[in-house]
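Heads up, data00.pdb below (PDB, C-alpha atoms and all ligand atoms):
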```pdb
ATOM      1  CA  MET A 378      22.147 -13.749  -1.018  1.00  0.00           C
ATOM      2  CA  ASP A 379      24.734 -14.396  -3.695  1.00  0.00           C
ATOM      3  CA  ILE A 380      26.413 -11.671  -5.688  1.00  0.00           C
ATOM      4  CA  ASN A 381      28.618 -12.461  -8.633  1.00  0.00           C
ATOM      5  CA  PHE A 382      31.070  -9.730  -9.388  1.00  0.00           C
ATOM      6  CA  ALA A 383      31.227  -8.958 -13.077  1.00  0.00           C
ATOM      7  CA  THR A 384      34.966  -9.605 -13.105  1.00  0.00           C
ATOM      8  CA  GLY A 385      34.196 -13.126 -11.990  1.00  0.00           C
ATOM      9  CA  THR A 386      36.839 -12.868  -9.327  1.00  0.00           C
ATOM     10  CA  LEU A 387      34.608 -13.121  -6.290  1.00  0.00           C
ATOM     11  CA  PRO A 388      31.490 -15.221  -6.754  1.00  0.00           C
ATOM     12  CA  ALA A 389      28.749 -15.890  -4.248  1.00  0.00           C
ATOM     13  CA  VAL A 390      29.398 -13.085  -1.815  1.00  0.00           C
ATOM     14  CA  ARG A 391      26.895 -13.106   1.004  1.00  0.00           C
ATOM     15  CA  LEU A 392      25.292  -9.818   1.935  1.00  0.00           C
ATOM     16  CA  GLY A 393      22.749  -8.979   4.554  1.00  0.00           C
ATOM     17  CA  PHE A 394      20.603  -6.105   5.711  1.00  0.00           C
ATOM     18  CA  GLY A 395      19.188  -4.884   8.977  1.00  0.00           C
ATOM     19  CA  GLU A 396      21.709  -6.071  11.555  1.00  0.00           C
ATOM     20  CA  LEU A 397      24.299  -3.319  11.724  1.00  0.00           C
ATOM     21  CA  PHE A 398      23.528   0.369  11.500  1.00  0.00           C
ATOM     22  CA  ALA A 399      26.772   2.157  12.354  1.00  0.00           C
ATOM     23  CA  GLN A 400      25.994   5.684  13.511  1.00  0.00           C
ATOM     24  CA  GLU A 401      29.540   6.781  12.596  1.00  0.00           C
ATOM     25  CA  ARG A 402      28.835   6.072   8.948  1.00  0.00           C
ATOM     26  CA  ARG A 403      25.208   7.016   8.801  1.00  0.00           C
ATOM     27  CA  ARG A 404      23.905   7.631   5.278  1.00  0.00           C
ATOM     28  CA  ALA A 405      20.887   6.789   3.155  1.00  0.00           C
ATOM     29  CA  ILE A 406      19.897   3.114   3.024  1.00  0.00           C
ATOM     30  CA  ARG A 407      20.157   3.453  -0.742  1.00  0.00           C
ATOM     31  CA  GLU A 408      23.811   4.292  -0.158  1.00  0.00           C
ATOM     32  CA  GLY A 409      24.403   1.168   1.848  1.00  0.00           C
ATOM     33  CA  TRP A 410      23.453   2.031   5.424  1.00  0.00           C
ATOM     34  CA  GLY A 411      22.380  -1.120   7.264  1.00  0.00           C
ATOM     35  CA  PHE A 412      23.975  -3.478   4.726  1.00  0.00           C
ATOM     36  CA  THR A 413      26.587  -6.044   5.731  1.00  0.00           C
ATOM     37  CA  VAL A 414      29.125  -8.077   3.752  1.00  0.00           C
ATOM     38  CA  GLU A 415      30.636 -11.309   5.065  1.00  0.00           C
ATOM     39  CA  LEU A 416      34.180 -10.724   6.351  1.00  0.00           C
ATOM     40  CA  PRO A 417      35.950 -13.552   4.409  1.00  0.00           C
ATOM     41  CA  ALA A 418      34.702 -12.033   1.155  1.00  0.00           C
ATOM     42  CA  VAL A 419      35.967  -8.597   2.192  1.00  0.00           C
ATOM     43  CA  LEU A 420      39.375 -10.053   3.092  1.00  0.00           C
ATOM     44  CA  GLU A 421      39.580 -11.971  -0.163  1.00  0.00           C
ATOM     45  CA  LEU A 422      38.607  -8.893  -2.106  1.00  0.00           C
ATOM     46  CA  LEU A 423      41.278  -6.793  -0.377  1.00  0.00           C
ATOM     47  CA  GLU A 424      43.881  -9.467  -1.116  1.00  0.00           C
ATOM     48  CA  GLN A 425      42.948  -9.461  -4.782  1.00  0.00           C
ATOM     49  CA  ILE A 426      43.176  -5.684  -4.854  1.00  0.00           C
ATOM     50  CA  ASP A 427      46.574  -5.849  -3.144  1.00  0.00           C
ATOM     51  CA  GLU A 428      47.743  -8.345  -5.771  1.00  0.00           C
ATOM     52  CA  GLY A 429      46.559  -5.994  -8.491  1.00  0.00           C
ATOM     53  CA  ARG A 430      43.971  -8.436  -9.853  1.00  0.00           C
ATOM     54  CA  VAL A 431      40.981  -6.264  -8.996  1.00  0.00           C
ATOM     55  CA  ASN A 432      40.668  -2.508  -9.321  1.00  0.00           C
ATOM     56  CA  ALA A 433      39.720  -0.947  -5.963  1.00  0.00           C
ATOM     57  CA  LEU A 434      37.251   1.510  -7.475  1.00  0.00           C
ATOM     58  CA  ASP A 435      35.558  -1.277  -9.478  1.00  0.00           C
ATOM     59  CA  ALA A 436      35.204  -3.323  -6.324  1.00  0.00           C
ATOM     60  CA  ARG A 437      33.750  -0.348  -4.500  1.00  0.00           C
ATOM     61  CA  ASN A 438      31.251   0.283  -7.297  1.00  0.00           C
ATOM     62  CA  TYR A 439      30.148  -3.346  -7.481  1.00  0.00           C
ATOM     63  CA  LEU A 440      29.491  -3.360  -3.776  1.00  0.00           C
ATOM     64  CA  ALA A 441      27.595  -0.081  -3.979  1.00  0.00           C
ATOM     65  CA  GLN A 442      25.472  -1.452  -6.837  1.00  0.00           C
ATOM     66  CA  SER A 443      24.500  -4.471  -4.783  1.00  0.00           C
ATOM     67  CA  VAL A 444      22.275  -2.186  -2.712  1.00  0.00           C
ATOM     68  CA  ASP A 445      20.079  -1.485  -5.717  1.00  0.00           C
ATOM     69  CA  LEU A 446      19.961  -5.167  -6.607  1.00  0.00           C
ATOM     70  CA  LEU A 447      18.948  -6.234  -3.112  1.00  0.00           C
ATOM     71  CA  TYR A 448      16.912  -3.269  -1.873  1.00  0.00           C
ATOM     72  CA  ASP A 449      13.513  -4.737  -2.768  1.00  0.00           C
ATOM     73  CA  ALA A 450      14.395  -8.337  -1.925  1.00  0.00           C
ATOM     74  CA  PHE A 451      15.586  -7.307   1.539  1.00  0.00           C
ATOM     75  CA  ARG A 452      12.476  -5.099   1.986  1.00  0.00           C
ATOM     76  CA  CYS A 453      14.736  -2.189   2.898  1.00  0.00           C
ATOM     77  CA  PHE A 454      11.853   0.231   2.341  1.00  0.00           C
ATOM     78  CA  GLU A 455      10.370  -0.975   5.610  1.00  0.00           C
ATOM     79  CA  ALA A 456      13.355   0.556   7.414  1.00  0.00           C
ATOM     80  CA  GLU A 457      12.996   3.938   5.692  1.00  0.00           C
ATOM     81  CA  ASP A 458      11.351   6.898   7.386  1.00  0.00           C
ATOM     82  CA  PRO A 459       7.689   6.663   6.236  1.00  0.00           C
ATOM     83  CA  ASP A 460       7.476  10.366   5.347  1.00  0.00           C
ATOM     84  CA  GLU A 461      10.712  10.242   3.367  1.00  0.00           C
ATOM     85  CA  LEU A 462       9.654   7.076   1.587  1.00  0.00           C
ATOM     86  CA  ARG A 463       6.408   8.743   0.618  1.00  0.00           C
ATOM     87  CA  ALA A 464       8.112  11.931  -0.596  1.00  0.00           C
ATOM     88  CA  THR A 465      10.602   9.937  -2.658  1.00  0.00           C
ATOM     89  CA  CYS A 466       7.739   7.904  -4.100  1.00  0.00           C
ATOM     90  CA  ARG A 467       5.831  11.046  -5.045  1.00  0.00           C
ATOM     91  CA  GLU A 468       8.853  12.301  -6.941  1.00  0.00           C
ATOM     92  CA  ALA A 469       9.639   9.017  -8.664  1.00  0.00           C
ATOM     93  CA  GLY A 470       6.009   8.042  -9.282  1.00  0.00           C
ATOM     94  CA  ARG A 471       6.537   4.650  -7.694  1.00  0.00           C
ATOM     95  CA  CYS A 472       8.188   2.808  -4.819  1.00  0.00           C
ATOM     96  CA  PRO A 473       8.467  -0.818  -3.697  1.00  0.00           C
ATOM     97  CA  LEU A 474       5.690  -0.316  -1.136  1.00  0.00           C
ATOM     98  CA  CYS A 475       3.257   0.922  -3.794  1.00  0.00           C
ATOM     99  CA  ASP A 476       4.355  -1.847  -6.172  1.00  0.00           C
ATOM    100  CA  GLU A 477       3.580  -4.383  -3.512  1.00  0.00           C
ATOM    101  CA  ARG A 478       0.232  -2.870  -2.548  1.00  0.00           C
ATOM    102  CA  ARG A 479      -0.938  -2.137  -6.091  1.00  0.00           C
ATOM    103  CA  PRO A 480      -3.150  -5.273  -6.405  1.00  0.00           C
ATOM    104  CA  TRP A 481      -4.841  -4.359  -3.107  1.00  0.00           C
ATOM    105  CA  PHE A 482      -5.373  -0.800  -4.348  1.00  0.00           C
ATOM    106  CA  GLU A 483      -6.819  -2.090  -7.652  1.00  0.00           C
ATOM    107  CA  GLY A 484      -9.243  -4.147  -5.577  1.00  0.00           C
ATOM    108  CA  LEU A 485     -10.296  -1.026  -3.665  1.00  0.00           C
ATOM    109  CA  LEU A 486     -10.928   0.773  -6.959  1.00  0.00           C
ATOM    110  CA  ASP A 487     -12.929  -2.167  -8.305  1.00  0.00           C
ATOM    111  CA  GLY A 488     -15.086  -1.964  -5.167  1.00  0.00           C
ATOM    112  CA  SER A 489     -15.501   1.791  -5.577  1.00  0.00           C
ATOM    113  CA  ASP A 490     -16.510   1.417  -9.231  1.00  0.00           C
ATOM    114  CA  ALA A 491     -19.122  -1.180  -8.349  1.00  0.00           C
ATOM    115  CA  ARG A 492     -20.493   0.880  -5.431  1.00  0.00           C
ATOM    116  CA  TRP A 493     -20.680   3.987  -7.586  1.00  0.00           C
ATOM    117  CA  GLN A 494     -22.544   2.152 -10.374  1.00  0.00           C
ATOM    118  CA  ARG A 495     -25.153   0.939  -7.909  1.00  0.00           C
ATOM    119  CA  LEU A 496     -25.574   4.304  -6.203  1.00  0.00           C
ATOM    120  CA  GLN A 497     -26.547   5.757  -9.607  1.00  0.00           C
ATOM    121  CA  GLN A 498     -29.507   3.362  -9.830  1.00  0.00           C
ATOM    122  CA  PRO A 499     -31.648   3.951  -6.733  1.00  0.00           C
ATOM    123  CA  GLU A 500     -34.734   2.316  -8.312  1.00  0.00           C
ATOM    124  CA  GLU A 501     -32.884  -0.955  -8.702  1.00  0.00           C
ATOM    125  CA  TYR A 502     -30.900  -0.588  -5.465  1.00  0.00           C
ATOM    126  CA  PRO A 503     -33.195   1.319  -3.079  1.00  0.00           C
ATOM    127  CA  PHE A 504     -31.272   0.635   0.156  1.00  0.00           C
ATOM    128  CA  ALA A 505     -27.759   1.639   1.104  1.00  0.00           C
ATOM    129  CA  ALA A 506     -25.582   0.422   3.967  1.00  0.00           C
ATOM    130  CA  GLY A 507     -22.842   2.580   5.394  1.00  0.00           C
ATOM    131  CA  GLN A 508     -20.571   2.405   8.392  1.00  0.00           C
ATOM    132  CA  HIS A 509     -23.315   3.798  10.592  1.00  0.00           C
ATOM    133  CA  GLY A 510     -26.314   1.882   9.421  1.00  0.00           C
ATOM    134  CA  LEU A 511     -29.029   1.473   6.851  1.00  0.00           C
ATOM    135  CA  HIS A 512     -30.524   4.180   4.646  1.00  0.00           C
ATOM    136  CA  GLU A 513     -32.599   4.606   1.580  1.00  0.00           C
ATOM    137  CA  THR A 514     -30.228   5.168  -1.321  1.00  0.00           C
ATOM    138  CA  THR A 515     -31.800   8.571  -1.990  1.00  0.00           C
ATOM    139  CA  CYS A 516     -31.314   9.721   1.650  1.00  0.00           C
ATOM    140  CA  SER A 517     -29.630  13.092   2.099  1.00  0.00           C
ATOM    141  CA  VAL A 518     -27.114  11.541   4.484  1.00  0.00           C
ATOM    142  CA  VAL A 519     -25.990   9.131   1.764  1.00  0.00           C
ATOM    143  CA  ARG A 520     -25.791  11.971  -0.728  1.00  0.00           C
ATOM    144  CA  ARG A 521     -23.833  14.166   1.670  1.00  0.00           C
ATOM    145  CA  GLU A 522     -21.229  11.482   2.379  1.00  0.00           C
ATOM    146  CA  THR A 523     -20.843  10.355  -1.200  1.00  0.00           C
ATOM    147  CA  PRO A 524     -18.735  12.383  -3.657  1.00  0.00           C
ATOM    148  CA  SER A 525     -20.942  14.183  -6.174  1.00  0.00           C
ATOM    149  CA  ASN A 526     -18.750  12.891  -8.944  1.00  0.00           C
ATOM    150  CA  TYR A 527     -16.614   9.835  -9.036  1.00  0.00           C
ATOM    151  CA  ALA A 528     -14.493   8.354 -11.790  1.00  0.00           C
ATOM    152  CA  ARG A 529     -11.791   5.744 -11.401  1.00  0.00           C
ATOM    153  CA  PRO A 530      -8.551   7.762 -11.269  1.00  0.00           C
ATOM    154  CA  ILE A 531      -6.230   7.464 -14.261  1.00  0.00           C
ATOM    155  CA  GLY A 532      -2.866   8.956 -15.217  1.00  0.00           C
ATOM    156  CA  ASP A 533      -1.430  11.419 -12.696  1.00  0.00           C
ATOM    157  CA  ALA A 534      -4.538  11.153 -10.515  1.00  0.00           C
ATOM    158  CA  TYR A 535      -4.012   7.398 -10.329  1.00  0.00           C
ATOM    159  CA  VAL A 536      -0.404   7.800  -9.210  1.00  0.00           C
ATOM    160  CA  ALA A 537      -1.446  10.385  -6.600  1.00  0.00           C
ATOM    161  CA  ALA A 538      -4.245   8.149  -5.300  1.00  0.00           C
ATOM    162  CA  LEU A 539      -1.971   5.111  -5.197  1.00  0.00           C
ATOM    163  CA  ASN A 540       0.543   7.125  -3.176  1.00  0.00           C
ATOM    164  CA  ALA A 541      -2.133   8.491  -0.823  1.00  0.00           C
ATOM    165  CA  PHE A 542      -3.648   5.086  -0.097  1.00  0.00           C
ATOM    166  CA  CYS A 543      -0.523   2.934   0.041  1.00  0.00           C
ATOM    167  CA  HIS A 544       1.379   5.321   2.298  1.00  0.00           C
ATOM    168  CA  THR A 545      -1.392   6.244   4.734  1.00  0.00           C
ATOM    169  CA  VAL A 546      -3.233   3.003   5.380  1.00  0.00           C
ATOM    170  CA  ASP A 547      -2.188  -0.520   6.190  1.00  0.00           C
ATOM    171  CA  PRO A 548      -4.138  -2.918   3.937  1.00  0.00           C
ATOM    172  CA  HIS A 549      -4.307  -5.352   6.841  1.00  0.00           C
ATOM    173  CA  SER A 550      -6.027  -2.905   9.148  1.00  0.00           C
ATOM    174  CA  SER A 551      -9.741  -2.169   8.996  1.00  0.00           C
ATOM    175  CA  ARG A 552      -9.247   1.588   9.180  1.00  0.00           C
ATOM    176  CA  GLU A 553     -11.498   3.413   6.783  1.00  0.00           C
ATOM    177  CA  ASP A 554     -10.808   7.031   7.631  1.00  0.00           C
ATOM    178  CA  PHE A 555      -7.529   7.326   5.793  1.00  0.00           C
ATOM    179  CA  GLU A 556      -6.377  10.143   3.589  1.00  0.00           C
ATOM    180  CA  GLY A 557      -8.302  10.407   0.342  1.00  0.00           C
ATOM    181  CA  SER A 558     -11.080   8.082   1.429  1.00  0.00           C
ATOM    182  CA  ARG A 559     -13.643  10.935   1.172  1.00  0.00           C
ATOM    183  CA  ASP A 560     -13.161  10.986  -2.590  1.00  0.00           C
ATOM    184  CA  TYR A 561     -14.619   7.492  -2.927  1.00  0.00           C
ATOM    185  CA  PRO A 562     -18.165   6.161  -2.662  1.00  0.00           C
ATOM    186  CA  ARG A 563     -18.444   4.113   0.497  1.00  0.00           C
ATOM    187  CA  PHE A 564     -22.126   3.266   0.758  1.00  0.00           C
ATOM    188  CA  GLN A 565     -23.112  -0.159  -0.488  1.00  0.00           C
ATOM    189  CA  ALA A 566     -26.407   0.114  -2.378  1.00  0.00           C
ATOM    190  CA  MET A 567     -28.518  -3.025  -2.334  1.00  0.00           C
ATOM    191  CA  THR A 568     -31.645  -4.503  -3.878  1.00  0.00           C
ATOM    192  CA  ALA A 569     -34.584  -4.952  -1.507  1.00  0.00           C
ATOM    193  CA  GLN A 570     -33.763  -8.665  -1.282  1.00  0.00           C
ATOM    194  CA  GLU A 571     -30.095  -8.005  -0.512  1.00  0.00           C
ATOM    195  CA  ALA A 572     -31.109  -5.435   2.095  1.00  0.00           C
ATOM    196  CA  ARG A 573     -33.406  -7.915   3.825  1.00  0.00           C
ATOM    197  CA  GLN A 574     -30.521 -10.409   3.892  1.00  0.00           C
ATOM    198  CA  TRP A 575     -28.220  -7.680   5.248  1.00  0.00           C
ATOM    199  CA  VAL A 576     -30.736  -6.925   8.028  1.00  0.00           C
ATOM    200  CA  THR A 577     -31.174 -10.625   8.885  1.00  0.00           C
ATOM    201  CA  GLU A 578     -27.422 -11.055   9.232  1.00  0.00           C
ATOM    202  CA  ARG A 579     -27.382  -8.192  11.712  1.00  0.00           C
ATOM    203  CA  THR A 580     -30.385  -9.168  13.754  1.00  0.00           C
ATOM    204  CA  GLY A 581     -29.866 -11.099  16.976  1.00  0.00           C
ATOM    205  CA  PRO A 582     -31.845 -14.163  18.131  1.00  0.00           C
ATOM    206  CA  LYS A 583     -34.080 -12.046  20.354  1.00  0.00           C
ATOM    207  CA  GLY A 584     -34.753  -9.490  17.686  1.00  0.00           C
ATOM    208  CA  GLY A 585     -31.937  -7.203  18.793  1.00  0.00           C
ATOM    209  CA  ARG A 586     -30.548  -5.095  16.011  1.00  0.00           C
ATOM    210  CA  ASN A 587     -26.795  -4.806  15.432  1.00  0.00           C
ATOM    211  CA  TYR A 588     -27.159  -1.863  13.089  1.00  0.00           C
ATOM    212  CA  LYS A 589     -28.787   1.535  13.082  1.00  0.00           C
ATOM    213  CA  ARG A 590     -31.725   2.578  11.001  1.00  0.00           C
ATOM    214  CA  CYS A 591     -31.351   6.128   9.759  1.00  0.00           C
ATOM    215  CA  GLN A 592     -33.727   8.468  11.607  1.00  0.00           C
ATOM    216  CA  ARG A 593     -33.998  10.775   8.668  1.00  0.00           C
ATOM    217  CA  CYS A 594     -35.063   8.428   5.882  1.00  0.00           C
ATOM    218  CA  ALA A 595     -36.321   5.579   8.117  1.00  0.00           C
ATOM    219  CA  PRO A 596     -35.823   2.829   5.538  1.00  0.00           C
ATOM    220  CA  PRO A 597     -38.962   0.610   5.512  1.00  0.00           C
ATOM    221  CA  LEU A 598     -37.243  -2.647   6.433  1.00  0.00           C
TER     222      LEU A 598
HETATM  223 ZN    ZN B 601       4.911   4.575  -2.873  1.00  0.00          ZN
HETATM  224 ZN    ZN B 602     -30.887   8.012   5.810  1.00  0.00          ZN
END
```

What do you get writing this file as structure tokens?
Amino acid sequence: MDINFATGTLPAVRLGFGELFAQERRRAIREGWGFTVELPAVLELLEQIDEGRVNALDARNYLAQSVDLLYDAFRCFEAEDPDELRATCREAGRCPLCDERRPWFEGLLDGSDARWQRLQQPEEYPFAAGQHGLHETTCSVVRRETPSNYARPIGDAYVAALNAFCHTVDPHSSREDFEGSRDYPRFQAMTAQEARQWVTERTGPKGGRNYKRCQRCAPPL
């Protein structure tokens, strides 16, 4: 990574992150912990300071600023304590992790919106599939496990939901029981035709079923 000092006296300084974490100088990553600077550049910089061509405090400040410039690019947030990262994010309203996962989160919300719309129309979408099997959309189990009211979060609620999702679940995992997930509709309501397709996809060659039919509502499929 190249850094051009504003004074123009030391171009193309190479910096790195993640190799050296000196316990003797432990501090926040934002304050430079875990960052490295190539030795020739440090020597050259010290020589220029000695010759009076560069102000020592300026040099120090430029180096300190490089952390902010490179923090995201070096993915330093991955080295932060997860709880601290989350707390800092909650205060600031954003963090690099949330920025990165925002499109994924928007996709989750799009899915929730669509599921909620369908769950409101049980005549059109009479069957509902959940994690544990197939129901009628009007089944009490579906109702119990679906929030009574759902609206896509906006404003402060959006920021809180983004924080809750991005910091408690890995988008690449298939975990569904993460924090906040109870606030979202999770049953997929289907037309009769879609439900028959859903059942076919989960029925084995010998008629074995790879899903459960709810005992309570006993969906007629
Ligand atoms: Zn965040
Ligand atoms: Zn049911």

**OP:** Quick one: apply the PyMOL selection byres (((not hetatm)) within 12 of (chain B and resi 601)) to the file and drop the selected residues here as number ranges by chain.
**Re:** A: 454-455, 457, 459-479, 482, 535-546

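CA of Tyr502 in chain A to CA of Trp481 in chain A spans 26.4 Å [interatomic distance, one decimal].
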
Subject >> Site check for ligand ZN 602 (chain B): residues at most 6 Å away, all atoms listed in the file, as an MDAnalysis selection string >> reply: chainID A and resid 512:513 516 518 591 593:594

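For the pair CA of Pro503 in chain A and CA of Met567 in chain A, the separation is 6.4 Å.
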
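For the set A:Ala534, A:Ala450, A:Ala433, A:Ala566, the residue with the smallest atom-to-atom gap to Leu496 in chain A is A:Ala566, counting only C-alpha atoms.
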
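A straight line drawn from CA of Thr514 in chain A to CA of Leu598 in chain A is 13.1 Å long.
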
Subject >> Nearby residues (only C-alpha atoms) at most 9 Å from Phe451 in chain A, same-chain spacing under 2 positions excluded, as an MDAnalysis selection string >> reply: chainID A and resid 393:395 447:449 453:454

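Comparing A:Ser525, A:Thr568, A:Gln425, A:Gln508 by their smallest distance to Tyr588 in chain A, the closest is A:Gln508 (using all atoms listed in the file).
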
**OP:** Pull out every residue that the PyMOL selection byres (((chain A and resi 491) around 12) and not hetatm) matches in the shown coordinates and put them as a VMD selection string.
**Re:** chain A and resid 484 to 490 492 to 498 527 to 529 561 to 567
